[in-house]
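Note: the block below is my_file-v3.txt and it holds compact mmCIF, C-alpha atoms.
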# COMPACT_ATOMS: atom_id res chain seq x y z
CA MET A 1 0.00 0.00 0.00
CA ALA A 2 1.30 3.40 -0.85
CA ILE A 3 1.36 6.07 1.80
CA TRP A 4 0.99 9.55 0.41
CA SER A 5 1.61 12.72 2.28
CA TRP A 6 -1.82 14.29 2.70
CA ASP A 7 -2.33 17.73 1.31
CA PRO A 8 -5.81 19.27 1.27
CA LEU A 9 -5.00 21.02 -1.99
CA ASP A 10 -4.40 17.64 -3.58
CA GLU A 11 -7.98 16.76 -2.78
CA VAL A 12 -9.19 19.95 -4.45
CA GLU A 13 -6.97 19.19 -7.41
CA ALA A 14 -8.36 15.67 -7.64
CA LEU A 15 -11.90 17.02 -7.57
CA ARG A 16 -11.09 19.54 -10.27
CA ARG A 17 -9.63 16.76 -12.40
CA GLN A 18 -12.73 14.61 -11.93
CA VAL A 19 -14.99 17.46 -12.93
CA GLU A 20 -12.78 18.22 -15.92
CA ARG A 21 -12.87 14.58 -16.97
CA ALA A 22 -16.66 14.58 -16.72
CA PHE A 23 -16.78 17.47 -19.16
CA GLU A 24 -14.04 16.15 -21.40
CA GLY A 25 -14.93 16.25 -25.05
CA PHE A 26 -17.95 18.39 -24.28
CA GLY A 27 -18.38 21.69 -25.95
CA ARG A 28 -16.36 23.25 -28.70
CA TRP A 29 -12.91 21.99 -29.47
CA ASP A 30 -11.34 25.39 -29.55
CA ARG A 31 -11.86 25.95 -25.85
CA PRO A 32 -8.54 27.09 -24.44
CA TYR A 33 -7.89 24.26 -22.04
CA THR A 34 -8.73 21.52 -24.49
CA ARG A 35 -6.51 23.02 -27.13
CA PHE A 36 -3.48 24.14 -25.21
CA ALA A 37 -3.63 22.05 -22.09
CA PHE A 38 0.08 21.39 -22.03
CA LEU A 39 1.32 24.96 -21.92
CA PRO A 40 3.07 26.52 -18.95
CA GLY A 41 0.87 29.60 -19.19
CA ALA A 42 -2.41 27.74 -19.48
CA SER A 43 -1.77 25.44 -16.56
CA ALA A 44 0.87 27.24 -14.61
CA ARG A 45 0.77 25.18 -11.46
CA THR A 46 0.98 21.82 -13.14
CA TYR A 47 3.66 22.03 -15.74
CA PRO A 48 4.86 19.75 -17.16
CA LEU A 49 1.95 17.33 -17.38
CA LEU A 50 2.92 13.81 -16.34
CA ASN A 51 1.94 10.29 -17.18
CA ILE A 52 3.02 7.76 -14.58
CA GLY A 53 3.06 4.01 -14.89
CA GLU A 54 4.64 1.13 -13.02
CA ASP A 55 5.56 -2.49 -13.41
CA HIS A 56 7.18 -4.97 -11.03
CA ASP A 57 10.61 -3.32 -10.97
CA ASN A 58 10.24 0.24 -12.13
CA ILE A 59 8.15 3.35 -12.07
CA TYR A 60 7.97 5.18 -15.38
CA VAL A 61 7.31 8.89 -15.58
CA GLU A 62 6.82 10.75 -18.83
CA ALA A 63 6.58 14.54 -18.96
CA LEU A 64 5.13 16.54 -21.82
CA ALA A 65 7.66 19.31 -22.25
CA PRO A 66 8.62 20.34 -25.79
CA GLY A 67 11.44 22.73 -26.52
CA LEU A 68 13.29 22.57 -23.23
CA ASN A 69 16.92 23.36 -22.88
CA PRO A 70 18.16 19.94 -21.69
CA ASP A 71 21.07 21.54 -19.81
CA THR A 72 18.68 23.34 -17.46
CA LEU A 73 16.86 20.18 -16.40
CA GLU A 74 17.20 19.33 -12.73
CA ILE A 75 15.68 16.10 -11.59
CA SER A 76 15.90 14.88 -8.04
CA VAL A 77 14.25 12.20 -5.96
CA LEU A 78 13.97 12.33 -2.20
CA ASP A 79 12.25 9.35 -0.61
CA ASN A 80 9.16 9.15 -2.76
CA THR A 81 9.01 12.74 -3.96
CA LEU A 82 10.09 13.52 -7.47
CA ARG A 83 11.08 17.04 -8.38
CA ILE A 84 11.48 18.21 -11.97
CA ALA A 85 12.77 21.70 -12.67
CA GLY A 86 13.95 23.33 -15.84
CA GLU A 87 13.51 26.10 -18.32
CA LYS A 88 11.78 26.41 -21.65
CA PRO A 89 13.67 29.20 -23.38
CA PRO A 90 11.89 31.60 -25.73
CA ILE A 91 12.45 30.79 -29.38
CA SER A 92 14.59 33.87 -29.80
CA GLU A 93 15.41 36.67 -27.40
CA ASP A 94 15.50 39.53 -29.87
CA ILE A 95 12.00 39.47 -31.33
CA ARG A 96 10.10 42.67 -30.77
CA PRO A 97 6.68 42.05 -29.23
CA GLU A 98 4.97 43.80 -32.16
CA ALA A 99 6.54 41.33 -34.59
CA PHE A 100 4.28 38.56 -33.31
CA HIS A 101 1.15 37.62 -35.20
CA ARG A 102 0.44 34.79 -32.81
CA ASN A 103 2.06 33.97 -29.51
CA GLU A 104 0.53 30.83 -28.09
CA ARG A 105 3.60 28.94 -26.96
CA SER A 106 4.83 30.02 -23.60
CA ALA A 107 8.28 30.09 -22.18
CA GLY A 108 9.75 30.26 -18.73
CA LYS A 109 11.05 28.37 -15.75
CA PHE A 110 9.08 25.66 -14.06
CA VAL A 111 9.23 23.37 -11.05
CA ARG A 112 6.97 20.45 -10.39
CA THR A 113 7.02 18.02 -7.51
CA THR A 114 4.97 14.90 -7.37
CA ALA A 115 4.61 12.02 -4.96
CA LEU A 116 5.56 8.60 -6.26
CA PRO A 117 3.55 5.59 -5.11
CA VAL A 118 6.56 3.78 -3.61
CA ALA A 119 10.11 4.54 -2.54
CA VAL A 120 12.63 4.42 -5.36
CA ASP A 121 16.36 3.86 -5.57
CA SER A 122 17.38 7.44 -6.27
CA ALA A 123 20.91 6.47 -7.32
CA LYS A 124 19.70 4.45 -10.29
CA VAL A 125 17.20 6.87 -11.80
CA ALA A 126 17.61 7.20 -15.56
CA ALA A 127 16.33 10.16 -17.58
CA GLU A 128 16.04 10.64 -21.31
CA TYR A 129 14.83 13.67 -23.25
CA LYS A 130 13.61 12.83 -26.72
CA SER A 131 11.32 14.65 -29.18
CA GLY A 132 9.86 16.89 -26.52
CA LEU A 133 9.12 14.16 -24.00
CA LEU A 134 11.09 13.65 -20.84
CA ARG A 135 11.09 10.04 -19.81
CA LEU A 136 12.26 8.84 -16.41
CA THR A 137 12.81 5.28 -15.30
CA LEU A 138 12.89 4.99 -11.53
CA PRO A 139 13.84 1.57 -10.15
CA LYS A 140 11.86 0.68 -7.06
CA ALA A 141 13.71 0.30 -3.80
CA GLU A 142 14.37 -3.34 -2.93
CA GLU A 143 12.05 -3.28 0.09
CA ALA A 144 9.28 -1.68 -1.96
CA LYS A 145 9.12 -4.38 -4.60
CA PRO A 146 6.12 -6.64 -4.36
CA LYS A 147 6.87 -10.08 -2.94
CA GLN A 148 5.33 -13.14 -4.42
CA ILE A 149 3.59 -15.20 -1.77
CA GLU A 150 3.36 -18.85 -2.39
CA VAL A 151 0.05 -20.52 -1.73
CA LYS A 152 0.29 -23.97 -0.27
CA VAL A 153 -2.37 -26.38 -1.20
CA GLY A 154 -3.19 -28.61 1.73
CA MET B 1 -1.50 34.97 -41.64
CA LYS B 2 -4.99 33.60 -41.40
CA GLU B 3 -5.81 30.31 -39.80
CA SER B 4 -8.12 28.06 -41.79
CA THR B 5 -10.61 26.48 -39.49
CA VAL B 6 -12.38 24.64 -42.30
CA PRO B 7 -10.06 22.03 -43.80
CA ALA B 8 -9.01 22.97 -47.30
CA LYS B 9 -10.62 20.90 -50.02
CA ARG B 10 -8.35 18.38 -51.63
CA GLU B 11 -8.94 16.32 -54.66
CA GLN B 12 -9.70 12.78 -53.74
CA GLN B 13 -7.11 10.39 -55.05
CA VAL B 14 -8.20 7.43 -53.02
CA PRO B 15 -11.67 6.47 -51.93
CA ASP B 16 -12.72 7.79 -48.54
CA THR B 17 -11.35 5.75 -45.72
CA ARG B 18 -11.87 6.06 -42.05
CA GLU B 19 -9.39 8.40 -40.51
CA GLN B 20 -8.50 9.23 -36.97
CA THR B 21 -10.59 12.31 -36.56
CA ARG B 22 -9.59 13.38 -33.09
CA SER B 23 -6.61 15.63 -33.37
CA LEU B 24 -4.95 18.25 -31.26
CA VAL B 25 -4.38 21.80 -32.38
CA PRO B 26 -0.76 22.48 -31.54
CA PRO B 27 0.09 25.90 -30.10
CA VAL B 28 2.06 28.07 -32.49
CA ASP B 29 4.05 31.27 -32.54
CA ILE B 30 4.06 33.27 -35.75
CA PHE B 31 6.33 36.24 -36.03
CA GLU B 32 7.99 38.44 -38.60
CA SER B 33 11.68 38.12 -39.19
CA LYS B 34 13.94 40.01 -41.57
CA GLU B 35 13.47 37.39 -44.28
CA GLY B 36 9.77 36.83 -43.82
CA LEU B 37 7.58 34.87 -41.48
CA VAL B 38 8.51 32.20 -38.97
CA VAL B 39 6.02 29.63 -37.69
CA VAL B 40 6.98 27.74 -34.54
CA ALA B 41 4.84 24.84 -33.36
CA ASP B 42 5.08 22.65 -30.27
CA LEU B 43 4.64 19.03 -31.30
CA PRO B 44 5.73 16.95 -28.31
CA GLY B 45 6.09 13.25 -29.00
CA ALA B 46 6.59 13.73 -32.71
CA ASP B 47 9.85 12.87 -34.35
CA LYS B 48 11.28 14.43 -37.50
CA SER B 49 9.92 11.54 -39.55
CA ASP B 50 6.43 11.83 -38.03
CA VAL B 51 5.93 15.39 -39.21
CA ASP B 52 4.25 16.28 -42.48
CA VAL B 53 4.42 19.90 -43.61
CA ARG B 54 2.91 20.72 -46.98
CA VAL B 55 1.76 23.68 -49.03
CA GLU B 56 -1.16 23.25 -51.38
CA ASN B 57 -3.34 25.97 -52.88
CA ASP B 58 -1.74 28.61 -50.65
CA THR B 59 -2.57 26.56 -47.57
CA LEU B 60 0.12 25.52 -45.16
CA THR B 61 -0.77 22.25 -43.43
CA LEU B 62 1.01 20.89 -40.38
CA GLN B 63 0.35 17.31 -39.53
CA ALA B 64 2.15 15.03 -37.13
CA THR B 65 1.68 11.83 -35.25
CA ALA B 66 2.90 11.56 -31.69
CA LYS B 67 4.11 8.47 -29.93
CA SER B 68 4.46 7.94 -26.22
CA GLY B 69 7.75 6.54 -25.01
CA LEU B 70 6.25 4.70 -22.07
CA PRO B 71 6.66 0.91 -22.25
CA ILE B 72 3.38 0.31 -20.41
CA ASP B 73 -0.02 1.91 -20.03
CA PRO B 74 0.20 4.69 -17.46
CA LEU B 75 -1.81 4.48 -14.25
CA LEU B 76 -1.97 8.23 -13.87
CA ARG B 77 -2.74 9.98 -17.13
CA GLU B 78 -2.67 13.74 -17.35
CA TYR B 79 -2.33 13.99 -21.10
CA GLU B 80 -2.92 11.90 -24.17
CA LEU B 81 -0.95 12.06 -27.34
CA HIS B 82 -3.03 12.40 -30.46
CA ASN B 83 -2.33 13.46 -33.97
CA TYR B 84 -1.64 17.12 -34.50
CA HIS B 85 -3.30 19.08 -37.25
CA ARG B 86 -3.39 22.77 -38.09
CA GLN B 87 -3.73 24.82 -41.24
CA PHE B 88 -2.91 28.38 -42.22
CA GLN B 89 -3.58 30.39 -45.32
CA LEU B 90 -0.49 31.90 -46.87
CA GLY B 91 -0.44 35.38 -48.27
CA GLU B 92 0.77 36.20 -51.74
CA THR B 93 4.02 37.58 -50.45
CA VAL B 94 5.39 34.23 -49.28
CA ASP B 95 7.90 32.63 -51.60
CA GLN B 96 6.55 29.09 -51.51
CA GLU B 97 9.61 27.60 -53.20
CA LYS B 98 11.89 28.60 -50.37
CA ILE B 99 9.94 27.33 -47.37
CA LYS B 100 12.17 25.42 -44.98
CA ALA B 101 11.33 23.48 -41.85
CA GLU B 102 13.37 22.01 -39.06
CA MET B 103 12.57 20.03 -35.96
CA LYS B 104 14.29 19.93 -32.60
CA HIS B 105 13.15 18.64 -29.21
CA GLY B 106 9.56 18.41 -30.39
CA VAL B 107 9.49 21.97 -31.70
CA LEU B 108 8.92 22.56 -35.41
CA VAL B 109 10.28 25.77 -36.91
CA ILE B 110 9.09 26.72 -40.41
CA ASN B 111 10.73 29.60 -42.23
CA LEU B 112 8.55 31.30 -44.82
CA PRO B 113 10.68 33.81 -46.71
CA LYS B 114 9.01 36.68 -48.49
CA LYS B 115 9.35 37.26 -52.20
CA GLU B 116 11.98 39.79 -53.13
CA ALA B 117 9.37 42.19 -54.46
CA ALA B 118 7.50 42.16 -51.18
CA LYS B 119 10.49 43.00 -49.01
CA PRO B 120 10.73 46.52 -47.70
CA ARG B 121 13.21 48.64 -49.57
CA LYS B 122 14.99 51.52 -48.00
CA ILE B 123 15.06 54.64 -50.05
CA THR B 124 17.70 57.13 -49.21
CA VAL B 125 16.68 60.73 -49.27
CA LYS B 126 19.15 63.02 -50.88
CA THR B 127 19.59 66.57 -49.87
CA GLU B 128 20.85 69.16 -52.23
Please re-express this file's structure in C-alpha cells.
Amino acid sequence: MAIWSWDPLDEVEALRRQVERAFEGFGRWDRPYTRFAFLPGASARTYPLLNIGEDHDNIYVEALAPGLNPDTLEISVLDNTLRIAGEKPPISEDIRPEAFHRNERSAGKFVRTTALPVAVDSAKVAAEYKSGLLRLTLPKAEEAKPKQIEVKVG
Amino acid sequence: MKESTVPAKREQQVPDTREQTRSLVPPVDIFESKEGLVVVADLPGADKSDVDVRVENDTLTLQATAKSGLPIDPLLREYELHNYHRQFQLGETVDQEKIKAEMKHGVLVINLPKKEAAKPRKITVKTE
C-alpha cells in the first residue's frame, strides 16, 4: 500500500480533475484548455503534465515538455518525492513584441514536484529527453518491490 | 496569416477511408523576421519523420503523429498524445519555393521567406 503525504490542496486538485474529466470532449474543441492544455501559461501550477506508470521493478514517468533546454533540467528524488525543474527558453530573445502575429507557446522556468507511489532507488534513476518528451525510469527500492507469496495447497 | 478552421478541399485520389478524426491543435508562434515569417509549433512526441508539412493551394498544413515513449499503459494519465493538425492560409508575399522546416526537441520551426518584391526597400533621401 502506498502512503501519500496528505495535502488538502491535492484533494481539491483531484476534484477539479474529476470534474474536468466529466466534461471532457464536451463543448467546442477550440476551448482554451482543451486546445493548449500542455502549456506553462495555461496550466501554470501543473507544468509539465505527467503520465506515470509502473511495473514490477520500475516506475515510469513521462513529462510533456517540448522545446526545453536539456542543460537546465534538474531532476531529483527524495524518498518518494520527485522534483522536476527546468527552463523552456523563448524561441529567440530579440524578437520585438509587435513582430508577433500569434504567440501561443509560452516560455519560462518551471518546477513540479509529485509524490511517487513507492520509494525508489534514487541512485539508479535514468532520464532521457527525446522529441519533446522527458522520460524517467525509476527503479523501485528493494524493500518496496512486491513479494510473491506462495500458496500452499493442503 | 490567417488560420483556416475549415479544412481545405483536396482532390480525392483514393476512396474515402476512415481516418482518426480526433486531433490536437498544436500551439504556435508566428512572427515576422527580416526574411519573412517564422512559424513555430510545439509538437511533443513527434519525431522528425512523423511530421508532415505541406503547401497546397496557398494553404500551409502541419500534420504530425505523436508516440508515447512509455513501455506500459500509465496508471496516472494527465495527457494523451493524439495526432496534430493545423492549417494556415499563406499570403501572396510568401515565396513558396523557399519554405524550410526544421525540428528539434519536439518543436517545429518553419521559415517562410518573403518574395523579393515584397520585401521593404529603404530609399535614401538626398539633400541638395
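Going from CA of Glu3 (chain B) to CA of Gln87 (chain B) covers 6.0 Å.
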Exercise for the section: Write out as a ChimeraX atom specification each polymer residue whose atoms come within 8 Å of Ala66 (chain B), counting only C-alpha atoms; drop sequence neighbours fewer than 6 positions from it. Expected result: /B:43-47,50,81-84
Handout entry: Interface list for chain A, partner chain B, 7 Å threshold, all atoms listed in the file, as a ChimeraX atom specification
Key = /A:35-36,49-53,60,62,64-67,99-105,130-133
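The gap separating CA of Leu68 (chain A) from CA of Val111 (chain A) is 12.9 Å, in Å to one decimal.
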Grab all the atoms of region 56-70 of chain B that the file lists, wrap them in a box along x, y and z, add 3 Å per side, and give me centre plus edge lengths in Å (one decimal) as AutoDock Vina command-line options.
--center_x 2.2 --center_y 16.7 --center_z -37.5 --size_x 17.1 --size_y 29.9 --size_z 36.8
Practice task
Could you check how far CA of Thr5 (chain B) sits from CA of Phe88 (chain B), in Å to one decimal?
Solution key: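 Computing the Euclidean distance for CA of Thr5 (chain B) and CA of Phe88 (chain B) yields 8.4 Å.
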Practice task
Kindly indicate which residue among B:Ser4, B:His85, B:Lys34, B:Leu112 lies nearest to Thr59 (chain B), using all atoms listed in the file for the distances.
Solution key: B:Ser4
Practice task
Mind checking which residues fall within 6 Å of region 69-81 of chain A, counting all atoms listed in the file, ignoring those fewer than 2 positions away in the same chain, and posting them as JSON, numbers by chain?
Solution key: {"A": [83, 84, 85, 86, 87, 114, 115, 116, 119, 122]}
Handout entry: Best match for closeness to Val55 (chain B) among B:Leu90, B:Ala101, B:Val6, B:Ala118, counting only C-alpha atoms
Key =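 Residue with the minimum atom-to-atom distance to Val55 (chain B): B:Leu90.
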